[in-house]
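Listing of protein.cif, mmCIF, N, CA, C and O atoms
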```
data_protein
loop_
_atom_site.label_atom_id
_atom_site.label_comp_id
_atom_site.auth_asym_id
_atom_site.auth_seq_id
_atom_site.Cartn_x
_atom_site.Cartn_y
_atom_site.Cartn_z
N MET E 1 -145.32 -19.32 -36.47
CA MET E 1 -145.25 -18.24 -37.41
C MET E 1 -146.12 -18.60 -38.61
O MET E 1 -146.05 -19.71 -39.12
N LYS E 2 -146.91 -17.63 -39.04
CA LYS E 2 -147.81 -17.87 -40.16
C LYS E 2 -147.23 -17.35 -41.47
O LYS E 2 -147.41 -17.96 -42.52
N ASN E 3 -146.52 -16.20 -41.41
CA ASN E 3 -146.05 -15.58 -42.64
C ASN E 3 -144.93 -14.59 -42.33
O ASN E 3 -144.80 -14.13 -41.21
N VAL E 4 -144.14 -14.26 -43.36
CA VAL E 4 -143.12 -13.23 -43.28
C VAL E 4 -143.31 -12.33 -44.50
O VAL E 4 -143.44 -12.83 -45.61
N THR E 5 -143.35 -11.00 -44.27
CA THR E 5 -143.49 -10.07 -45.39
C THR E 5 -142.32 -9.10 -45.39
O THR E 5 -141.72 -8.82 -44.35
N LEU E 6 -142.02 -8.57 -46.57
CA LEU E 6 -140.93 -7.63 -46.75
C LEU E 6 -141.47 -6.38 -47.42
O LEU E 6 -142.15 -6.46 -48.44
N LYS E 7 -141.16 -5.22 -46.83
CA LYS E 7 -141.57 -3.95 -47.42
C LYS E 7 -140.30 -3.15 -47.72
O LYS E 7 -139.53 -2.83 -46.82
N LEU E 8 -140.10 -2.86 -49.01
CA LEU E 8 -138.94 -2.09 -49.43
C LEU E 8 -139.27 -0.60 -49.48
O LEU E 8 -140.37 -0.22 -49.87
N SER E 9 -138.29 0.22 -49.11
CA SER E 9 -138.47 1.66 -49.21
C SER E 9 -138.41 2.07 -50.68
O SER E 9 -137.63 1.51 -51.45
N GLU E 10 -139.23 3.04 -51.07
CA GLU E 10 -139.27 3.46 -52.47
C GLU E 10 -138.07 4.32 -52.87
O GLU E 10 -137.68 4.34 -54.03
N ASP E 11 -137.47 5.04 -51.91
CA ASP E 11 -136.41 5.99 -52.26
C ASP E 11 -135.04 5.65 -51.69
O ASP E 11 -134.11 6.43 -51.80
N SER E 12 -134.89 4.47 -51.07
CA SER E 12 -133.58 4.10 -50.51
C SER E 12 -133.46 2.59 -50.42
O SER E 12 -134.34 1.86 -50.85
N GLN E 13 -132.37 2.14 -49.80
CA GLN E 13 -132.11 0.71 -49.61
C GLN E 13 -132.80 0.16 -48.37
O GLN E 13 -132.73 -1.04 -48.11
N ASP E 14 -133.45 1.01 -47.59
CA ASP E 14 -134.07 0.59 -46.34
C ASP E 14 -135.19 -0.42 -46.59
O ASP E 14 -135.84 -0.41 -47.63
N PHE E 15 -135.40 -1.30 -45.59
CA PHE E 15 -136.49 -2.25 -45.71
C PHE E 15 -136.97 -2.69 -44.33
O PHE E 15 -136.26 -2.54 -43.34
N THR E 16 -138.18 -3.23 -44.28
CA THR E 16 -138.78 -3.73 -43.05
C THR E 16 -139.25 -5.16 -43.27
O THR E 16 -139.93 -5.45 -44.25
N VAL E 17 -138.87 -6.03 -42.35
CA VAL E 17 -139.33 -7.42 -42.36
C VAL E 17 -140.38 -7.54 -41.26
O VAL E 17 -140.13 -7.15 -40.12
N THR E 18 -141.55 -8.05 -41.61
CA THR E 18 -142.63 -8.22 -40.64
C THR E 18 -142.93 -9.71 -40.49
O THR E 18 -143.10 -10.42 -41.48
N PHE E 19 -142.96 -10.16 -39.25
CA PHE E 19 -143.24 -11.55 -38.92
C PHE E 19 -144.67 -11.63 -38.39
O PHE E 19 -145.02 -10.93 -37.45
N HIS E 20 -145.48 -12.49 -38.97
CA HIS E 20 -146.89 -12.64 -38.59
C HIS E 20 -147.06 -13.96 -37.84
O HIS E 20 -146.66 -15.02 -38.33
N PHE E 21 -147.68 -13.88 -36.65
CA PHE E 21 -147.81 -15.05 -35.78
C PHE E 21 -149.27 -15.39 -35.51
O PHE E 21 -150.12 -14.52 -35.46
N ALA E 22 -149.51 -16.66 -35.27
CA ALA E 22 -150.80 -17.12 -34.75
C ALA E 22 -150.73 -16.98 -33.23
O ALA E 22 -149.67 -16.73 -32.66
N LYS E 23 -151.86 -17.14 -32.57
CA LYS E 23 -151.87 -17.12 -31.10
C LYS E 23 -150.91 -18.20 -30.61
O LYS E 23 -150.86 -19.30 -31.18
N ASN E 24 -150.15 -17.87 -29.57
CA ASN E 24 -149.20 -18.84 -29.04
C ASN E 24 -149.02 -18.64 -27.54
O ASN E 24 -149.52 -17.68 -26.97
N GLU E 25 -148.29 -19.53 -26.91
CA GLU E 25 -148.12 -19.51 -25.47
C GLU E 25 -146.99 -18.60 -25.00
O GLU E 25 -146.80 -18.43 -23.80
N PHE E 26 -146.25 -17.98 -25.92
CA PHE E 26 -145.08 -17.20 -25.54
C PHE E 26 -145.33 -15.69 -25.47
O PHE E 26 -144.79 -15.01 -24.61
N PHE E 27 -146.12 -15.13 -26.39
CA PHE E 27 -146.43 -13.70 -26.39
C PHE E 27 -147.75 -13.47 -27.12
O PHE E 27 -148.24 -14.33 -27.83
N ASP E 28 -148.35 -12.27 -26.90
CA ASP E 28 -149.66 -11.97 -27.49
C ASP E 28 -149.59 -11.26 -28.83
O ASP E 28 -150.61 -11.09 -29.49
N HIS E 29 -148.43 -10.83 -29.26
CA HIS E 29 -148.29 -10.06 -30.50
C HIS E 29 -148.71 -10.89 -31.72
O HIS E 29 -148.37 -12.06 -31.82
N GLU E 30 -149.43 -10.24 -32.62
CA GLU E 30 -149.76 -10.90 -33.88
C GLU E 30 -148.69 -10.63 -34.92
O GLU E 30 -148.50 -11.42 -35.83
N THR E 31 -148.02 -9.47 -34.81
CA THR E 31 -146.93 -9.13 -35.73
C THR E 31 -145.76 -8.55 -34.96
O THR E 31 -145.92 -7.85 -33.96
N LEU E 32 -144.56 -8.85 -35.44
CA LEU E 32 -143.32 -8.25 -34.96
C LEU E 32 -142.56 -7.79 -36.20
O LEU E 32 -142.68 -8.40 -37.26
N TYR E 33 -141.77 -6.71 -36.05
CA TYR E 33 -141.06 -6.19 -37.22
C TYR E 33 -139.60 -5.91 -36.89
O TYR E 33 -139.22 -5.77 -35.73
N LYS E 34 -138.80 -5.81 -37.92
CA LYS E 34 -137.42 -5.34 -37.83
C LYS E 34 -137.15 -4.49 -39.06
O LYS E 34 -137.40 -4.92 -40.18
N THR E 35 -136.69 -3.26 -38.83
CA THR E 35 -136.41 -2.31 -39.91
C THR E 35 -134.91 -2.07 -39.99
O THR E 35 -134.26 -1.84 -38.97
N TYR E 36 -134.38 -2.10 -41.19
CA TYR E 36 -132.96 -1.86 -41.44
C TYR E 36 -132.82 -0.56 -42.22
O TYR E 36 -133.50 -0.36 -43.23
N VAL E 37 -131.92 0.31 -41.76
CA VAL E 37 -131.70 1.61 -42.40
C VAL E 37 -130.26 1.64 -42.93
O VAL E 37 -129.31 1.32 -42.21
N TYR E 38 -130.13 2.06 -44.20
CA TYR E 38 -128.83 2.08 -44.86
C TYR E 38 -128.40 3.50 -45.20
O TYR E 38 -129.24 4.36 -45.49
N ASP E 39 -127.09 3.73 -45.19
CA ASP E 39 -126.52 5.01 -45.62
C ASP E 39 -126.70 5.12 -47.13
O ASP E 39 -126.34 4.20 -47.86
N LYS E 40 -127.25 6.23 -47.59
CA LYS E 40 -127.55 6.39 -49.02
C LYS E 40 -126.31 6.54 -49.89
O LYS E 40 -126.33 6.22 -51.07
N SER E 41 -125.20 7.00 -49.30
CA SER E 41 -124.00 7.19 -50.12
C SER E 41 -123.08 5.96 -50.13
O SER E 41 -122.46 5.66 -51.15
N THR E 42 -122.99 5.25 -49.01
CA THR E 42 -122.09 4.09 -48.94
C THR E 42 -122.82 2.75 -49.04
O THR E 42 -122.17 1.72 -49.19
N PHE E 43 -124.14 2.78 -48.90
CA PHE E 43 -124.97 1.57 -48.92
C PHE E 43 -124.63 0.61 -47.78
O PHE E 43 -124.90 -0.58 -47.86
N GLU E 44 -124.03 1.13 -46.72
CA GLU E 44 -123.71 0.35 -45.53
C GLU E 44 -124.87 0.46 -44.54
O GLU E 44 -125.47 1.53 -44.42
N PRO E 45 -125.18 -0.59 -43.81
CA PRO E 45 -126.24 -0.48 -42.80
C PRO E 45 -125.79 0.44 -41.67
O PRO E 45 -124.65 0.36 -41.21
N ILE E 46 -126.68 1.34 -41.25
CA ILE E 46 -126.33 2.28 -40.17
C ILE E 46 -127.16 2.06 -38.92
O ILE E 46 -126.75 2.45 -37.83
N SER E 47 -128.32 1.45 -39.05
CA SER E 47 -129.11 1.16 -37.85
C SER E 47 -130.17 0.10 -38.16
O SER E 47 -130.48 -0.18 -39.31
N ALA E 48 -130.69 -0.43 -37.07
CA ALA E 48 -131.78 -1.40 -37.16
C ALA E 48 -132.71 -1.16 -35.97
O ALA E 48 -132.24 -0.92 -34.86
N ASN E 49 -133.99 -1.19 -36.23
CA ASN E 49 -134.99 -1.00 -35.18
C ASN E 49 -135.92 -2.21 -35.20
O ASN E 49 -136.20 -2.75 -36.26
N ALA E 50 -136.38 -2.59 -34.02
CA ALA E 50 -137.26 -3.75 -33.94
C ALA E 50 -138.36 -3.51 -32.92
O ALA E 50 -138.20 -2.72 -32.00
N SER E 51 -139.46 -4.22 -33.10
CA SER E 51 -140.53 -4.15 -32.11
C SER E 51 -140.06 -4.84 -30.83
O SER E 51 -139.18 -5.70 -30.85
N THR E 52 -140.64 -4.45 -29.73
CA THR E 52 -140.30 -5.03 -28.44
C THR E 52 -141.28 -6.16 -28.13
O THR E 52 -142.48 -5.99 -28.26
N ILE E 53 -140.73 -7.28 -27.74
CA ILE E 53 -141.58 -8.44 -27.41
C ILE E 53 -141.90 -8.39 -25.92
O ILE E 53 -141.01 -8.29 -25.09
N THR E 54 -143.18 -8.47 -25.62
CA THR E 54 -143.62 -8.58 -24.24
C THR E 54 -143.94 -10.05 -23.99
O THR E 54 -144.98 -10.55 -24.41
N TRP E 55 -143.02 -10.72 -23.32
CA TRP E 55 -143.13 -12.16 -23.10
C TRP E 55 -144.15 -12.46 -22.01
O TRP E 55 -144.29 -11.70 -21.05
N LYS E 56 -144.84 -13.57 -22.15
CA LYS E 56 -145.73 -14.04 -21.10
C LYS E 56 -144.88 -14.57 -19.95
O LYS E 56 -143.71 -14.94 -20.13
N GLU E 57 -145.45 -14.58 -18.76
CA GLU E 57 -144.74 -14.98 -17.54
C GLU E 57 -144.08 -16.35 -17.72
O GLU E 57 -144.73 -17.34 -18.07
N GLY E 58 -142.75 -16.38 -17.51
CA GLY E 58 -142.00 -17.63 -17.56
C GLY E 58 -141.72 -18.15 -18.95
O GLY E 58 -141.21 -19.26 -19.10
N LYS E 59 -142.02 -17.39 -20.01
CA LYS E 59 -141.86 -17.89 -21.37
C LYS E 59 -140.72 -17.23 -22.15
O LYS E 59 -140.50 -17.55 -23.31
N ASN E 60 -139.99 -16.30 -21.53
CA ASN E 60 -138.88 -15.63 -22.21
C ASN E 60 -137.70 -16.58 -22.33
O ASN E 60 -137.11 -16.99 -21.32
N PRO E 61 -137.31 -16.98 -23.55
CA PRO E 61 -136.21 -17.94 -23.70
C PRO E 61 -134.85 -17.34 -23.35
O PRO E 61 -133.88 -18.08 -23.20
N GLY E 62 -134.78 -16.03 -23.18
CA GLY E 62 -133.51 -15.39 -22.83
C GLY E 62 -133.25 -15.35 -21.34
O GLY E 62 -132.18 -14.93 -20.90
N ILE E 63 -134.20 -15.79 -20.54
CA ILE E 63 -134.03 -15.79 -19.09
C ILE E 63 -134.03 -17.24 -18.60
O ILE E 63 -134.98 -18.00 -18.83
N LYS E 64 -132.95 -17.60 -17.95
CA LYS E 64 -132.82 -18.96 -17.44
C LYS E 64 -133.53 -19.05 -16.09
O LYS E 64 -133.33 -18.22 -15.21
N ILE E 65 -134.37 -20.03 -15.93
CA ILE E 65 -135.10 -20.25 -14.68
C ILE E 65 -134.28 -21.21 -13.83
O ILE E 65 -133.96 -22.32 -14.26
N LYS E 66 -133.94 -20.74 -12.64
CA LYS E 66 -133.15 -21.58 -11.74
C LYS E 66 -134.08 -22.31 -10.78
O LYS E 66 -134.96 -21.71 -10.18
N ALA E 67 -133.83 -23.58 -10.66
CA ALA E 67 -134.60 -24.39 -9.70
C ALA E 67 -133.92 -24.29 -8.35
O ALA E 67 -132.68 -24.31 -8.25
N LYS E 68 -134.71 -24.17 -7.31
CA LYS E 68 -134.14 -24.11 -5.96
C LYS E 68 -133.68 -25.50 -5.56
O LYS E 68 -134.36 -26.50 -5.79
N LYS E 69 -132.49 -25.54 -4.96
CA LYS E 69 -131.96 -26.82 -4.48
C LYS E 69 -132.50 -27.08 -3.09
O LYS E 69 -132.55 -26.19 -2.25
N LYS E 70 -132.90 -28.33 -2.87
CA LYS E 70 -133.36 -28.72 -1.54
C LYS E 70 -132.14 -29.06 -0.71
O LYS E 70 -131.23 -29.75 -1.17
N LYS E 71 -132.12 -28.55 0.49
CA LYS E 71 -131.01 -28.88 1.40
C LYS E 71 -131.30 -30.22 2.06
O LYS E 71 -132.41 -30.49 2.50
N SER E 72 -130.27 -31.01 2.12
CA SER E 72 -130.39 -32.32 2.75
C SER E 72 -130.43 -32.13 4.27
O SER E 72 -129.68 -31.33 4.84
N LYS E 73 -131.28 -32.88 4.93
CA LYS E 73 -131.37 -32.82 6.40
C LYS E 73 -130.30 -33.69 7.03
O LYS E 73 -130.04 -33.59 8.21
N ASN E 74 -129.70 -34.56 6.24
CA ASN E 74 -128.63 -35.41 6.76
C ASN E 74 -127.30 -34.71 6.55
O ASN E 74 -126.95 -34.35 5.45
N PHE E 75 -126.55 -34.57 7.61
CA PHE E 75 -125.24 -33.91 7.51
C PHE E 75 -124.14 -34.89 7.39
O PHE E 75 -123.81 -35.77 7.88
#
```
Represent the structure from my file as structure tokens, please.
Amino acid sequence: MKNVTLKLSEDSQDFTVTFHFAKNEFFDHETLYKTYVYDKSTFEPISANASTITWKEGKNPGIKIKAKKKKSKNF
């Protein structure tokens, strides 16, 4: 990660966090974001939106890679 920036909404409590990345072995995105939306009357968070990460083959940390077990020839 190279940098993190914050953009505040001018008329509400909403904000967007943007993550800036250098080239890496996990994904090709240079930036990823997450936006938080707040209720204007209660100031409670009501939703969050984020960019979708397109992982490179075999690099998604959320997927466990199972190794195949070799069967023994001796019974």
For region 28-32 of chain E, list every protein, DNA or RNA residue within 4.5 Å, evaluated using all atoms listed in the file, and leave out those in the same chain fewer than 5 positions away; present the list as a PyMOL selection string.
-> chain E and resi 17-21
Between CA of Phe26 (chain E) and CA of Lys7 (chain E), distance in Å (one decimal) = 25.8 Å
Once DSSP has gone over the backbone, tell me which residues of chain E are in strand (DSSP E or B), as a PyMOL selection string.
-> chain E and resi 3-8+15-20+27+31-38+45-50+55
Grab the atom C of Lys23 (chain E) to atom C of Leu8 (chain E) distance for me, in Å with one decimal place.
-> 28.3 Å
Nearest to Asn3 (chain E), chosen from E:Ala22, E:Ala67, E:Asp39, E:Lys73, with only N, CA, C and O atoms counted in the distances |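 Result for the nearest residue to Asn3 (chain E): E:Ala22.
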Which is closest to Tyr38 (chain E) among E:Lys71, E:Ser51, E:Phe15, E:Glu57, if we use only N, CA, C and O atoms?
->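 Closest to Tyr38 (chain E), using only N, CA, C and O atoms: E:Phe15.
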What does the distance between CA of Thr5 (chain E) and CA of Phe43 (chain E) come to in Å, to one decimal place?
-> 22.2 Å
Taking the file above as input, evaluate the PyMOL selection byres ((chain E and resi 37) around 7) and report the hits as a PyMOL selection string.
-> chain E and resi 13-15+35-36+38-39+44-49
Where is the centre and how long are the edges: axis-aligned box on region 52-71 of chain E, 5 Å on each side, Å to one decimal, as lines of an AutoDock Vina configuration file:
```
center_x = -138.4
center_y = -17.5
center_z = -13.6
size_x = 24.7
size_y = 36.0
size_z = 42.2
```
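In terms of minimum interatomic distance to Val4 (chain E), E:Thr16 ranks closest within E:Ser72, E:Thr16, E:Ile65, E:Lys56, counting all atoms listed in the file.
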Looking at all atoms listed in the file, which of E:Ser41, E:Ile53, E:Lys68, E:Asp11 is the one that sits closest to Phe27 (chain E)?
-> E:Ile53
Atoms added to region 14-25 of chain E (all heavy atoms), reported as a short mmCIF file (atom, residue, chain, number, x, y, z; two decimals), in the frame of the given file:
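Printed below is part-v6.cif as written:
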```cif
data_model
loop_
_atom_site.label_atom_id
_atom_site.label_comp_id
_atom_site.auth_asym_id
_atom_site.auth_seq_id
_atom_site.Cartn_x
_atom_site.Cartn_y
_atom_site.Cartn_z
N ASP E 14 -133.45 1.01 -47.59
CA ASP E 14 -134.07 0.59 -46.34
C ASP E 14 -135.19 -0.42 -46.59
O ASP E 14 -135.84 -0.41 -47.63
CB ASP E 14 -134.66 1.80 -45.60
CG ASP E 14 -133.65 2.91 -45.38
OD1 ASP E 14 -132.45 2.67 -45.56
OD2 ASP E 14 -134.08 4.01 -45.02
N PHE E 15 -135.40 -1.30 -45.59
CA PHE E 15 -136.49 -2.25 -45.71
C PHE E 15 -136.97 -2.69 -44.33
O PHE E 15 -136.26 -2.54 -43.34
CB PHE E 15 -136.09 -3.47 -46.55
CG PHE E 15 -134.97 -4.29 -45.97
CD1 PHE E 15 -135.24 -5.39 -45.16
CD2 PHE E 15 -133.65 -3.98 -46.27
CE1 PHE E 15 -134.21 -6.14 -44.65
CE2 PHE E 15 -132.62 -4.74 -45.76
CZ PHE E 15 -132.90 -5.83 -44.94
N THR E 16 -138.18 -3.23 -44.28
CA THR E 16 -138.78 -3.73 -43.05
C THR E 16 -139.25 -5.16 -43.27
O THR E 16 -139.93 -5.45 -44.25
CB THR E 16 -139.97 -2.86 -42.61
OG1 THR E 16 -139.51 -1.53 -42.39
CG2 THR E 16 -140.61 -3.40 -41.33
N VAL E 17 -138.87 -6.03 -42.35
CA VAL E 17 -139.33 -7.42 -42.36
C VAL E 17 -140.38 -7.54 -41.26
O VAL E 17 -140.13 -7.15 -40.12
CB VAL E 17 -138.17 -8.40 -42.10
CG1 VAL E 17 -138.66 -9.84 -42.12
CG2 VAL E 17 -137.05 -8.19 -43.10
N THR E 18 -141.55 -8.05 -41.61
CA THR E 18 -142.63 -8.22 -40.64
C THR E 18 -142.93 -9.71 -40.49
O THR E 18 -143.10 -10.42 -41.48
CB THR E 18 -143.90 -7.47 -41.08
OG1 THR E 18 -143.56 -6.09 -41.29
CG2 THR E 18 -144.98 -7.55 -40.01
N PHE E 19 -142.96 -10.16 -39.25
CA PHE E 19 -143.24 -11.55 -38.92
C PHE E 19 -144.67 -11.63 -38.39
O PHE E 19 -145.02 -10.93 -37.45
CB PHE E 19 -142.25 -12.06 -37.88
CG PHE E 19 -140.81 -11.91 -38.29
CD1 PHE E 19 -140.11 -10.76 -37.99
CD2 PHE E 19 -140.19 -12.91 -39.01
CE1 PHE E 19 -138.78 -10.60 -38.38
CE2 PHE E 19 -138.86 -12.77 -39.41
CZ PHE E 19 -138.16 -11.61 -39.09
N HIS E 20 -145.48 -12.49 -38.97
CA HIS E 20 -146.89 -12.64 -38.59
C HIS E 20 -147.06 -13.96 -37.84
O HIS E 20 -146.66 -15.02 -38.33
CB HIS E 20 -147.78 -12.64 -39.84
CG HIS E 20 -147.58 -11.42 -40.68
ND1 HIS E 20 -148.34 -10.28 -40.53
CD2 HIS E 20 -146.69 -11.14 -41.67
CE1 HIS E 20 -147.93 -9.37 -41.39
NE2 HIS E 20 -146.94 -9.88 -42.10
N PHE E 21 -147.68 -13.88 -36.65
CA PHE E 21 -147.81 -15.05 -35.78
C PHE E 21 -149.27 -15.39 -35.51
O PHE E 21 -150.12 -14.52 -35.46
CB PHE E 21 -147.13 -14.78 -34.43
CG PHE E 21 -145.64 -14.66 -34.53
CD1 PHE E 21 -145.05 -13.42 -34.71
CD2 PHE E 21 -144.82 -15.76 -34.44
CE1 PHE E 21 -143.68 -13.28 -34.81
CE2 PHE E 21 -143.45 -15.65 -34.53
CZ PHE E 21 -142.87 -14.40 -34.72
N ALA E 22 -149.51 -16.66 -35.27
CA ALA E 22 -150.80 -17.12 -34.75
C ALA E 22 -150.73 -16.98 -33.23
O ALA E 22 -149.67 -16.73 -32.66
CB ALA E 22 -151.01 -18.58 -35.13
N LYS E 23 -151.86 -17.14 -32.57
CA LYS E 23 -151.87 -17.12 -31.10
C LYS E 23 -150.91 -18.20 -30.61
O LYS E 23 -150.86 -19.30 -31.18
CB LYS E 23 -153.27 -17.41 -30.57
CG LYS E 23 -154.26 -16.32 -30.87
CD LYS E 23 -154.41 -15.47 -29.66
CE LYS E 23 -155.52 -14.45 -29.93
NZ LYS E 23 -155.39 -13.29 -29.16
N ASN E 24 -150.15 -17.87 -29.57
CA ASN E 24 -149.20 -18.84 -29.04
C ASN E 24 -149.02 -18.64 -27.54
O ASN E 24 -149.52 -17.68 -26.97
CB ASN E 24 -147.86 -18.73 -29.79
CG ASN E 24 -147.19 -17.39 -29.60
OD1 ASN E 24 -146.67 -17.11 -28.53
ND2 ASN E 24 -147.23 -16.55 -30.63
N GLU E 25 -148.29 -19.53 -26.91
CA GLU E 25 -148.12 -19.51 -25.47
C GLU E 25 -146.99 -18.60 -25.00
O GLU E 25 -146.80 -18.43 -23.80
CB GLU E 25 -147.88 -20.92 -24.96
CG GLU E 25 -146.58 -21.54 -25.47
CD GLU E 25 -146.37 -22.96 -25.00
OE1 GLU E 25 -145.97 -23.13 -23.82
OE2 GLU E 25 -146.63 -23.87 -25.80
#
```
